[in-house]
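One file, data-v2.txt, carrying compact mmCIF, C-alpha atoms:
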# COMPACT_ATOMS: atom_id res chain seq x y z
CA MET A 856 0.00 0.00 0.00
CA ALA A 857 2.85 2.38 0.78
CA ALA A 858 4.30 1.70 -2.69
CA ILE A 859 0.96 2.51 -4.33
CA PHE A 860 0.56 5.72 -2.35
CA LEU A 861 4.15 6.91 -2.72
CA ALA A 862 5.78 5.40 -5.81
CA LEU A 863 2.67 5.79 -7.97
CA GLY A 864 1.98 9.30 -6.70
CA LEU A 865 -1.42 8.65 -5.11
CA SER A 866 -0.39 10.41 -1.91
CA ARG A 867 0.62 13.51 -3.85
CA VAL A 868 -2.75 13.55 -5.63
CA ILE A 869 -4.69 13.29 -2.36
CA ARG A 870 -2.62 16.06 -0.82
CA GLY A 871 -3.39 18.22 -3.87
CA TRP A 872 -7.11 17.72 -3.33
CA THR A 873 -7.13 18.24 0.43
CA SER A 874 -4.72 21.21 0.45
CA ARG A 875 -7.46 23.35 -1.12
CA LEU A 876 -9.44 23.15 2.10
CA PRO A 877 -9.13 26.13 4.48
CA GLY A 878 -6.93 26.14 7.60
CA LYS A 879 -4.60 23.41 8.84
CA VAL A 880 -7.07 21.12 10.56
CA LEU A 881 -9.39 20.33 7.65
CA PRO A 882 -6.65 19.39 5.12
CA THR A 883 -5.01 17.03 7.62
CA LEU A 884 -8.34 15.52 8.69
CA ALA A 885 -9.47 15.06 5.08
CA TYR A 886 -6.16 13.48 4.04
CA ALA A 887 -6.26 11.07 6.99
CA ALA A 888 -9.84 10.03 6.22
CA LEU A 889 -9.11 9.53 2.51
CA TYR A 890 -5.97 7.55 3.30
CA LEU A 891 -7.86 5.25 5.69
CA LEU A 892 -10.66 4.77 3.15
CA LEU A 893 -8.34 3.99 0.25
CA ALA A 894 -6.19 1.72 2.43
CA TYR A 895 -9.36 -0.18 3.33
CA LEU A 896 -10.27 -0.57 -0.34
CA LEU A 897 -6.77 -1.71 -1.29
CA ASN A 898 -6.77 -4.26 1.53
CA PHE A 899 -10.35 -5.40 0.88
CA PRO A 900 -9.54 -8.39 -1.39
CA LEU A 901 -7.19 -9.85 1.23
CA SER A 902 -9.65 -9.10 4.03
CA LEU A 903 -12.47 -10.75 2.05
CA TYR A 904 -10.39 -13.89 1.53
CA ASP A 905 -8.98 -14.02 5.04
CA ASP A 906 -12.05 -13.11 7.08
CA TYR A 907 -14.89 -14.42 4.91
CA PHE A 908 -13.91 -17.10 2.42
CA ARG A 909 -11.25 -18.79 4.55
CA GLU A 910 -13.51 -18.79 7.63
CA HIS A 911 -16.17 -20.54 5.55
CA GLN A 912 -13.62 -23.01 4.16
CA TYR A 913 -12.88 -24.13 7.71
CA GLY A 914 -16.55 -24.19 8.69
CA LEU A 915 -16.14 -21.53 11.36
CA SER A 916 -18.29 -18.69 9.99
CA ASN A 917 -22.06 -18.42 10.43
CA GLN A 918 -22.40 -15.21 8.41
CA SER A 919 -23.76 -14.59 4.95
CA PHE A 920 -21.73 -12.24 2.77
CA GLY A 921 -24.15 -9.39 3.49
CA GLU A 922 -23.85 -9.90 7.25
CA TRP A 923 -20.07 -10.05 7.06
CA LEU A 924 -19.89 -6.93 4.90
CA THR A 925 -22.18 -5.03 7.29
CA ASP A 926 -19.84 -5.75 10.21
CA ASP A 927 -16.83 -4.88 8.08
CA LEU A 928 -18.34 -1.53 7.08
CA LYS A 929 -19.12 -0.78 10.72
CA GLY A 930 -15.44 -1.31 11.47
CA LEU A 931 -14.53 1.00 8.57
CA ALA A 932 -16.84 3.73 9.89
CA LEU A 933 -15.24 3.52 13.35
CA SER A 934 -11.79 3.59 11.77
CA LEU A 935 -12.62 6.67 9.71
CA VAL A 936 -14.01 8.61 12.66
CA PHE A 937 -11.58 7.70 15.44
CA GLY A 938 -8.57 6.95 13.25
CA SER A 939 -8.80 10.35 11.58
CA LEU A 940 -8.96 12.09 14.97
CA VAL A 941 -5.93 10.16 16.24
CA LEU A 942 -3.92 11.07 13.14
CA LEU A 943 -5.02 14.70 13.40
CA ALA A 944 -3.75 14.86 16.97
CA LEU A 945 -0.53 13.06 16.00
CA TYR A 946 0.28 15.51 13.21
CA ALA A 947 -0.50 18.46 15.45
CA ALA A 948 2.13 17.10 17.86
CA ILE A 949 4.62 16.55 15.01
CA ARG A 950 4.28 20.16 13.81
CA ARG A 951 4.59 21.69 17.27
CA THR A 952 7.29 19.58 18.93
CA GLY A 953 9.85 18.92 16.18
CA ARG A 954 12.13 15.91 16.63
CA ASN A 955 10.53 15.18 20.03
CA TRP A 956 7.25 14.40 18.30
CA TRP A 957 7.57 10.66 18.93
CA MET A 958 7.47 11.19 22.71
CA TRP A 959 4.40 13.43 22.49
CA GLY A 960 2.89 11.06 19.95
CA THR A 961 3.32 8.17 22.37
CA GLY A 962 1.44 10.14 25.03
CA ILE A 963 -1.36 11.00 22.60
CA LEU A 964 -1.75 7.40 21.45
CA ALA A 965 -1.68 6.24 25.09
CA VAL A 966 -4.60 8.56 25.92
CA PHE A 967 -6.61 7.37 22.91
CA LEU A 968 -5.81 3.76 23.83
CA VAL A 969 -7.02 4.18 27.41
CA VAL A 970 -10.20 5.93 26.26
CA SER A 971 -10.92 3.25 23.64
CA ILE A 972 -10.49 0.41 26.16
CA PHE A 973 -12.71 2.27 28.63
CA VAL A 974 -15.59 2.93 26.20
CA SER A 975 -15.36 -0.24 24.10
CA PRO A 976 -17.56 -2.55 26.25
CA VAL A 977 -20.26 0.10 26.56
CA PHE A 978 -20.33 1.81 23.16
CA ILE A 979 -18.25 -0.14 20.60
CA SER A 980 -18.81 -3.87 21.18
CA PRO A 981 -22.63 -3.52 21.32
CA LEU A 982 -22.52 -2.21 17.73
CA PHE A 983 -21.54 -5.70 16.60
CA ASN A 984 -23.14 -8.00 19.19
CA LYS A 985 -25.87 -8.07 21.79
CA TYR A 986 -24.75 -8.31 25.42
CA THR A 987 -27.29 -9.62 27.91
CA PRO A 988 -26.96 -10.79 31.53
CA LEU A 989 -26.27 -14.50 31.74
CA PRO A 990 -29.56 -16.20 32.68
CA ALA A 991 -29.96 -17.30 36.28
CA GLY A 992 -28.98 -20.87 36.93
CA PRO A 993 -26.16 -23.11 38.19
CA VAL A 994 -23.61 -21.88 35.63
CA ARG A 995 -24.16 -18.23 36.56
CA ASP A 996 -24.13 -19.02 40.27
CA GLN A 997 -20.86 -20.94 39.97
CA ILE A 998 -19.17 -18.11 38.06
CA LEU A 999 -20.31 -15.41 40.50
CA SER A 1000 -19.32 -17.57 43.46
CA MET A 1001 -15.87 -18.03 41.97
CA ALA A 1002 -15.66 -14.27 41.39
CA ARG A 1003 -16.59 -13.44 45.00
CA ALA A 1004 -14.15 -16.02 46.34
CA ASN A 1005 -11.32 -14.33 44.44
CA GLY A 1006 -12.20 -10.74 45.27
CA VAL A 1007 -13.69 -9.83 41.89
CA PRO A 1008 -16.46 -7.24 42.35
CA ALA A 1009 -18.70 -8.78 39.70
CA ASP A 1010 -22.43 -8.85 40.24
CA ASN A 1011 -23.16 -9.94 36.70
CA VAL A 1012 -21.75 -11.95 33.83
CA TYR A 1013 -22.62 -11.04 30.25
CA LEU A 1014 -23.62 -13.41 27.46
CA VAL A 1015 -22.61 -12.41 23.91
CA ASP A 1016 -24.47 -13.65 20.84
CA ALA A 1017 -21.20 -14.43 19.05
CA SER A 1018 -22.85 -17.31 17.19
CA LYS A 1019 -24.33 -14.77 14.78
CA GLN A 1020 -20.80 -14.46 13.38
CA SER A 1021 -18.82 -17.57 14.20
CA LYS A 1022 -18.67 -21.02 15.78
CA ARG A 1023 -15.58 -20.03 17.79
CA ILE A 1024 -15.59 -20.61 21.54
CA SER A 1025 -14.41 -17.61 23.53
CA ALA A 1026 -14.74 -15.43 26.62
CA ASN A 1027 -13.05 -12.23 27.72
CA VAL A 1028 -12.55 -9.51 30.28
CA SER A 1029 -12.91 -6.07 28.71
CA GLY A 1030 -13.04 -2.46 29.79
CA LEU A 1031 -11.22 -0.40 32.36
CA GLY A 1032 -12.26 0.82 35.80
CA SER A 1033 -16.03 1.15 36.04
CA THR A 1034 -16.60 -0.40 32.58
CA ILE A 1035 -14.83 -3.71 33.27
CA ARG A 1036 -17.05 -6.65 32.43
CA VAL A 1037 -16.65 -10.41 32.23
CA SER A 1038 -18.29 -11.90 29.14
CA LEU A 1039 -18.68 -15.34 27.62
CA ASN A 1040 -20.02 -16.06 24.19
CA ASP A 1041 -23.02 -18.25 23.53
CA ASN A 1042 -20.88 -20.80 21.67
CA LEU A 1043 -19.00 -21.49 24.88
CA LEU A 1044 -22.26 -21.88 26.80
CA ASN A 1045 -23.92 -24.09 24.18
CA ARG A 1046 -20.97 -26.26 23.15
CA SER A 1047 -19.27 -26.84 26.48
CA THR A 1048 -19.89 -28.68 29.72
CA PRO A 1049 -20.40 -26.75 33.00
CA GLU A 1050 -16.90 -27.85 34.05
CA GLU A 1051 -15.40 -26.43 30.87
CA VAL A 1052 -17.28 -23.15 31.32
CA GLN A 1053 -15.99 -22.90 34.88
CA ALA A 1054 -12.43 -23.53 33.71
CA VAL A 1055 -12.64 -20.81 31.05
CA MET A 1056 -14.25 -18.26 33.35
CA GLY A 1057 -11.67 -18.97 36.06
CA HIS A 1058 -9.05 -18.04 33.47
CA GLU A 1059 -10.88 -14.81 32.60
CA LEU A 1060 -11.25 -13.83 36.26
CA GLY A 1061 -7.50 -14.35 36.51
CA HIS A 1062 -6.95 -11.54 34.02
CA TYR A 1063 -8.88 -9.20 36.33
CA VAL A 1064 -7.27 -10.30 39.60
CA LEU A 1065 -3.76 -10.19 38.13
CA ASN A 1066 -4.35 -6.68 36.71
CA HIS A 1067 -3.48 -7.81 33.21
CA ILE A 1068 -5.36 -5.01 31.43
CA PRO A 1069 -3.41 -2.11 33.05
CA LYS A 1070 -0.16 -4.08 32.82
CA MET A 1071 -0.78 -4.74 29.13
CA LEU A 1072 -1.48 -1.06 28.63
CA ILE A 1073 1.92 -0.18 30.07
CA PHE A 1074 3.71 -2.72 27.87
CA LEU A 1075 1.79 -1.56 24.81
CA VAL A 1076 2.59 2.10 25.41
CA LEU A 1077 6.28 1.22 25.78
CA ILE A 1078 6.20 -0.72 22.51
CA ILE A 1079 4.41 2.17 20.77
CA GLY A 1080 7.03 4.59 22.09
CA ILE A 1081 9.91 2.50 20.76
CA GLY A 1082 8.04 2.05 17.50
CA LEU A 1083 7.52 5.80 16.99
CA TRP A 1084 11.19 6.42 17.78
CA PHE A 1085 12.09 3.87 15.09
CA VAL A 1086 9.68 5.57 12.67
CA ASP A 1087 11.30 8.96 13.28
CA TRP A 1088 14.79 7.52 12.81
CA ALA A 1089 13.96 5.64 9.61
CA PHE A 1090 11.69 8.36 8.18
CA HIS A 1091 14.41 11.03 8.18
CA ARG A 1092 16.89 8.73 6.50
CA LEU A 1093 14.46 7.68 3.78
CA ILE A 1094 13.21 11.13 2.85
CA GLY A 1095 16.83 12.26 2.53
CA SER A 1096 17.11 9.90 -0.42
CA TYR A 1097 13.55 9.60 -1.70
CA GLY A 1098 11.66 12.58 -0.33
CA ALA A 1099 11.73 14.59 -3.56
CA ARG A 1100 10.65 11.58 -5.62
CA TRP A 1101 7.75 10.83 -3.27
CA GLY A 1102 6.80 14.47 -2.77
CA ILE A 1103 7.44 14.42 0.99
CA ALA A 1104 9.06 17.51 2.49
CA SER A 1105 9.35 16.38 6.12
CA VAL A 1106 7.81 14.14 8.75
CA ALA A 1107 5.30 16.97 9.40
CA ASP A 1108 4.03 16.67 5.82
CA VAL A 1109 0.79 14.68 5.97
CA SER A 1110 1.51 13.22 2.52
CA GLY A 1111 4.17 11.15 4.30
CA LEU A 1112 1.48 9.29 6.26
CA PRO A 1113 1.73 6.14 4.06
CA LEU A 1114 5.47 5.97 4.79
CA LEU A 1115 4.88 6.57 8.50
CA MET A 1116 2.29 3.77 8.63
CA ALA A 1117 4.51 1.38 6.63
CA LEU A 1118 7.49 1.97 8.91
CA PHE A 1119 5.38 1.43 12.02
CA ALA A 1120 3.95 -1.78 10.49
CA ILE A 1121 7.50 -3.00 9.80
CA PHE A 1122 8.48 -2.30 13.40
CA MET A 1123 5.42 -4.13 14.76
CA PHE A 1124 6.22 -7.08 12.51
CA LEU A 1125 9.77 -7.23 13.85
CA ALA A 1126 8.44 -6.84 17.40
CA THR A 1127 5.96 -9.72 16.95
CA PRO A 1128 7.94 -12.28 19.02
CA ALA A 1129 8.36 -9.87 21.94
CA PHE A 1130 4.75 -8.67 21.79
CA ASN A 1131 3.38 -12.20 21.53
CA THR A 1132 5.57 -13.36 24.42
CA ILE A 1133 4.22 -10.60 26.67
CA ILE A 1134 0.63 -11.59 25.90
CA ARG A 1135 1.34 -15.33 26.06
CA THR A 1136 2.98 -14.93 29.47
CA GLN A 1137 -0.12 -13.20 30.81
CA GLU A 1138 -2.32 -15.92 29.33
CA GLN A 1139 -0.20 -18.60 31.01
CA GLU A 1140 -0.51 -16.76 34.33
CA ALA A 1141 -4.29 -16.63 33.87
CA ASP A 1142 -4.31 -20.35 33.01
CA VAL A 1143 -2.68 -21.24 36.32
CA PHE A 1144 -4.94 -18.84 38.22
CA GLY A 1145 -7.99 -20.38 36.56
CA LEU A 1146 -6.93 -23.90 37.50
CA ASN A 1147 -6.57 -22.86 41.13
CA ALA A 1148 -9.84 -20.92 41.12
CA ALA A 1149 -12.09 -23.34 39.21
CA ARG A 1150 -10.30 -26.58 40.12
CA GLN A 1151 -11.41 -28.13 36.85
CA PRO A 1152 -8.24 -29.46 35.18
CA ASP A 1153 -10.11 -31.94 32.99
CA GLY A 1154 -12.50 -29.22 31.85
CA PHE A 1155 -9.58 -26.91 31.08
CA ALA A 1156 -7.81 -29.64 29.09
CA THR A 1157 -10.86 -30.57 27.03
CA ILE A 1158 -11.67 -26.94 26.24
CA ALA A 1159 -8.07 -26.50 25.06
CA MET A 1160 -8.68 -29.39 22.68
CA LYS A 1161 -11.84 -27.70 21.36
CA LEU A 1162 -9.89 -24.51 20.71
CA SER A 1163 -7.74 -26.52 18.29
CA GLU A 1164 -10.53 -25.89 15.76
CA TYR A 1165 -8.83 -22.57 15.05
CA ARG A 1166 -5.50 -22.74 16.90
CA LYS A 1167 -2.72 -25.15 15.96
CA ILE A 1168 -2.56 -27.50 18.91
CA ASP A 1169 1.05 -28.76 18.83
CA PRO A 1170 3.52 -26.27 17.33
CA SER A 1171 7.25 -26.52 17.77
CA PRO A 1172 8.65 -24.54 20.74
CA LEU A 1173 10.19 -21.97 18.36
CA GLU A 1174 6.93 -21.60 16.43
CA GLU A 1175 5.00 -21.10 19.65
CA MET A 1176 7.49 -18.52 20.92
CA ILE A 1177 7.37 -16.43 17.73
CA PHE A 1178 3.83 -16.71 16.42
CA PHE A 1179 1.54 -17.64 19.33
CA ASP A 1180 -0.04 -14.96 21.53
CA HIS A 1181 -1.68 -17.72 23.63
CA PRO A 1182 -0.17 -20.93 24.96
CA SER A 1183 -0.68 -23.75 22.51
CA GLY A 1184 -3.21 -26.49 23.20
CA HIS A 1185 -0.34 -28.85 23.98
CA THR A 1186 1.04 -26.44 26.58
CA ARG A 1187 -2.38 -25.91 28.13
CA VAL A 1188 -3.23 -29.61 28.39
CA LEU A 1189 0.20 -30.27 29.91
CA THR A 1190 -0.34 -27.43 32.42
CA ALA A 1191 -3.74 -28.82 33.40
CA MET A 1192 -2.48 -32.38 33.80
CA ARG A 1193 0.54 -31.24 35.82
CA TRP A 1194 -1.82 -29.33 38.12
CA LYS A 1195 -4.05 -32.40 38.43
CA ALA A 1196 -1.13 -34.73 39.17
CA GLU A 1197 0.21 -32.47 41.93
CA HIS A 1198 -3.20 -32.18 43.58
CA LEU A 1199 -3.87 -35.90 43.37
CA GLN A 1200 -0.71 -36.39 45.41
CA THR A 1201 -1.80 -33.98 48.13
CA GLU A 1202 -5.52 -34.65 48.43
Once more with this new file: its structure as structure tokens, please.
Amino acid sequence: MAAIFLALGLSRVIRGWTSRLPGKVLPTLAYAALYLLLAYLLNFPLSLYDDYFREHQYGLSNQSFGEWLTDDLKGLALSLVFGSLVLLALYAAIRRTGRNWWMWGTGILAVFLVVSIFVSPVFISPLFNKYTPLPAGPVRDQILSMARANGVPADNVYLVDASKQSKRISANVSGLGSTIRVSLNDNLLNRSTPEEVQAVMGHELGHYVLNHIPKMLIFLVLIIGIGLWFVDWAFHRLIGSYGARWGIASVADVSGLPLLMALFAIFMFLATPAFNTIIRTQEQEADVFGLNAARQPDGFATIAMKLSEYRKIDPSPLEEMIFFDHPSGHTRVLTAMRWKAEHLQTE
């Protein structure tokens, strides 16, 4: 995409259109929105194959093309609105702070990240799925009892109608502060035993008790900061050689956005093993917490096997370290059976 925007001159054309708008805010905002829209269109064939056709090939999707496209366009609308505002704020920082822009940019992105995590369970996620309180019954009682026993101030558990999109089993803890909620999808409820549900929800409660959301925020902000520093370093070296050819005067020139995004994408690709290891470590911590909280090692092991529908169950150690942001099914079954063996010896 960067090659299309820069080498073929598309970025220069867009800047020509948007520069006719009055002031400094509107041209930047318009360029950012057009870039995000055109990037979406350029990426659409791959997205269609990856998220629609391939999901159907593996029998995981429950959506018609129209339903999938509707969700995809909702995501585009959110990207255009919030993404444009983030880029507007970022370029304002670049123009006002010079070579220190990457530090200010990190702070700006951190604020937007915190706000997005805070509002997502209340305003964003309900645009795609319906969240309702889990119906009263033994499963709900067991989850709330486990929450109270572990100091989680949860008076409700939410059920998500994820089956409208997929057959995937999942649950999550989302939000920040007063918006934190524990949710499980209806596939988990309908396709799993009560013991398996307990095992999964013990894991999710572990994320809350172990403060994984704020810890992940800190790690993510640090990674973003290093990434923006790398972008600044590489950007100035590239425009020294290619700036005139691409029509980019400086890092403050909004027509350099495709290059900025490409450099950040390259950095995130290179940082994949480190980023995945941070997440995978938290997931492993939550696995152990969940085993101790739910005390359902067999349920945890069998649910790990069910997750192999869309996660490779037995990768090599190197493959797991580089590409997996969750422990593999093999690792999770081994963890569960080790826990069970140790407790059989002591009980």
Residue neighbourhood Glu1138 (chain A), 8 Å, only C-alpha atoms, exclusion window fewer than 2 positions, as a PyMOL selection string: chain A and resi 1062+1134-1136+1140-1142+1181-1182
Å distance separating CA of Arg995 (chain A) from CA of Met1056 (chain A), one decimal place: 10.4 Å
Straight-line distance linking CA of Glu922 (chain A) with CA of Thr987 (chain A), stated in Å to one decimal: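 Interatomic distance here is 20.9 Å.
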With 10 Å as the cut-off and all atoms listed in the file counted, what is the closest atom pair between each nearby residue of region 899-973 of chain A and region 863-882 of chain A? Distances in Å to one decimal, ordered by chain and number, as CSV.
residue,atom,partner,partner_atom,distance
A:Leu943,CA,A:Val880,CA,7.3
A:Ala944,CA,A:Val880,CA,9.6
A:Tyr946,CA,A:Val880,CA,9.6
A:Ala947,CA,A:Val880,CA,8.6
Within 8 Å of region 1030-1045 of chain A using all atoms listed in the file, minus same-chain residues under 6 positions, as a list in words: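 Near neighbours after the sequence-gap exclusion: Val969, Ile972, Phe973, Val974, Ser975, Pro976, Val977, Ala1009, Asn1011, Val1012, Tyr1013, Leu1014, Val1015, Asp1016, Ala1017, Ser1018, Lys1022, Arg1023, Ile1024, Val1052, Met1056, Glu1059, Leu1060 and Ile1068 of chain A.
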With C-alpha atoms retained, write the just-selected residues as an mmCIF file, in the frame of the given file.
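Produced file out00.cif, reproduced below:
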data_model
loop_
_atom_site.group_PDB
_atom_site.id
_atom_site.type_symbol
_atom_site.label_atom_id
_atom_site.label_comp_id
_atom_site.auth_asym_id
_atom_site.auth_seq_id
_atom_site.Cartn_x
_atom_site.Cartn_y
_atom_site.Cartn_z
ATOM 1 C CA VAL A 969 -7.020 4.180 27.410
ATOM 2 C CA ILE A 972 -10.490 0.410 26.160
ATOM 3 C CA PHE A 973 -12.710 2.270 28.630
ATOM 4 C CA VAL A 974 -15.590 2.930 26.200
ATOM 5 C CA SER A 975 -15.360 -0.240 24.100
ATOM 6 C CA PRO A 976 -17.560 -2.550 26.250
ATOM 7 C CA VAL A 977 -20.260 0.100 26.560
ATOM 8 C CA ALA A 1009 -18.700 -8.780 39.700
ATOM 9 C CA ASN A 1011 -23.160 -9.940 36.700
ATOM 10 C CA VAL A 1012 -21.750 -11.950 33.830
ATOM 11 C CA TYR A 1013 -22.620 -11.040 30.250
ATOM 12 C CA LEU A 1014 -23.620 -13.410 27.460
ATOM 13 C CA VAL A 1015 -22.610 -12.410 23.910
ATOM 14 C CA ASP A 1016 -24.470 -13.650 20.840
ATOM 15 C CA ALA A 1017 -21.200 -14.430 19.050
ATOM 16 C CA SER A 1018 -22.850 -17.310 17.190
ATOM 17 C CA LYS A 1022 -18.670 -21.020 15.780
ATOM 18 C CA ARG A 1023 -15.580 -20.030 17.790
ATOM 19 C CA ILE A 1024 -15.590 -20.610 21.540
ATOM 20 C CA VAL A 1052 -17.280 -23.150 31.320
ATOM 21 C CA MET A 1056 -14.250 -18.260 33.350
ATOM 22 C CA GLU A 1059 -10.880 -14.810 32.600
ATOM 23 C CA LEU A 1060 -11.250 -13.830 36.260
ATOM 24 C CA ILE A 1068 -5.360 -5.010 31.430
#
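The space between CA of Pro1170 (chain A) and CA of Val1188 (chain A) spans 13.4 Å.
Using all atoms listed in the file, the smallest distance between any of A:Pro1172, A:Pro1152, A:Gly938, A:Pro1128 and Arg1187 (chain A) comes from A:Pro1152.
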Given all atoms listed in the file as the counted atoms, nearest of A:Asp1010, A:Glu910, A:Asp926, A:Asp905 to Glu1164 (chain A):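 Of all the options, A:Glu910 lies closest to Glu1164 (chain A).
Summary of the local environment: counting all atoms listed in the file, residues at most 8 Å from region 892-894 of chain A, other than itself and those fewer than 5 positions away along its chain, are Met856, Leu931 and Leu935 of chain A.
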Residues near Leu891 (chain A), cut-off 10 Å, all atoms listed in the file, skip fewer than 2 positions along chain, as a VMD selection string: chain A and resid 885 to 889 893 to 897 931 934 to 936 938 to 939 1113
Selected residue, from A:Ile1177, A:Val941, A:Val966, A:Ala991, that lies nearest to Thr1127 (chain A) when counting all atoms listed in the file: A:Ile1177
Residue among A:Tyr913, A:Phe967, A:Phe983, A:Trp957 lying closest to Gly1082 (chain A), counting all atoms listed in the file: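 Among A:Tyr913, A:Phe967, A:Phe983, A:Trp957, it is A:Trp957 that comes nearest to Gly1082 (chain A).
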Would you mind completing region 1058-1069 of chain A to N, CA and C atoms and writing the output as a PDB file, keeping the file's coordinate frame?
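Printed below is out.pdb as written:
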ATOM      1  N   HIS A1058     -10.139 -18.671  34.215  1.00  0.00           N
ATOM      2  CA  HIS A1058      -9.050 -18.040  33.470  1.00  0.00           C
ATOM      3  C   HIS A1058      -9.327 -16.553  33.273  1.00  0.00           C
ATOM      4  N   GLU A1059     -10.553 -16.213  32.855  1.00  0.00           N
ATOM      5  CA  GLU A1059     -10.880 -14.810  32.600  1.00  0.00           C
ATOM      6  C   GLU A1059     -10.860 -13.980  33.884  1.00  0.00           C
ATOM      7  N   LEU A1060     -11.329 -14.542  34.971  1.00  0.00           N
ATOM      8  CA  LEU A1060     -11.250 -13.830  36.260  1.00  0.00           C
ATOM      9  C   LEU A1060      -9.794 -13.591  36.642  1.00  0.00           C
ATOM     10  N   GLY A1061      -8.924 -14.519  36.237  1.00  0.00           N
ATOM     11  CA  GLY A1061      -7.500 -14.350  36.510  1.00  0.00           C
ATOM     12  C   GLY A1061      -6.949 -13.086  35.872  1.00  0.00           C
ATOM     13  N   HIS A1062      -7.408 -12.769  34.666  1.00  0.00           N
ATOM     14  CA  HIS A1062      -6.950 -11.540  34.020  1.00  0.00           C
ATOM     15  C   HIS A1062      -7.285 -10.317  34.873  1.00  0.00           C
ATOM     16  N   TYR A1063      -8.471 -10.344  35.482  1.00  0.00           N
ATOM     17  CA  TYR A1063      -8.880  -9.200  36.330  1.00  0.00           C
ATOM     18  C   TYR A1063      -8.042  -9.153  37.599  1.00  0.00           C
ATOM     19  N   VAL A1064      -7.965 -10.268  38.314  1.00  0.00           N
ATOM     20  CA  VAL A1064      -7.270 -10.300  39.600  1.00  0.00           C
ATOM     21  C   VAL A1064      -5.792  -9.960  39.443  1.00  0.00           C
ATOM     22  N   LEU A1065      -5.196 -10.407  38.358  1.00  0.00           N
ATOM     23  CA  LEU A1065      -3.760 -10.190  38.130  1.00  0.00           C
ATOM     24  C   LEU A1065      -3.476  -8.859  37.436  1.00  0.00           C
ATOM     25  N   ASN A1066      -4.514  -8.030  37.287  1.00  0.00           N
ATOM     26  CA  ASN A1066      -4.350  -6.680  36.710  1.00  0.00           C
ATOM     27  C   ASN A1066      -3.696  -6.720  35.322  1.00  0.00           C
ATOM     28  N   HIS A1067      -4.109  -7.666  34.506  1.00  0.00           N
ATOM     29  CA  HIS A1067      -3.480  -7.810  33.210  1.00  0.00           C
ATOM     30  C   HIS A1067      -3.811  -6.669  32.244  1.00  0.00           C
ATOM     31  N   ILE A1068      -5.002  -6.096  32.352  1.00  0.00           N
ATOM     32  CA  ILE A1068      -5.360  -5.010  31.430  1.00  0.00           C
ATOM     33  C   ILE A1068      -4.462  -3.789  31.641  1.00  0.00           C
ATOM     34  N   PRO A1069      -4.324  -3.259  32.878  1.00  0.00           N
ATOM     35  CA  PRO A1069      -3.410  -2.110  33.050  1.00  0.00           C
ATOM     36  C   PRO A1069      -1.953  -2.466  32.766  1.00  0.00           C
TER      37      PRO A1069
END
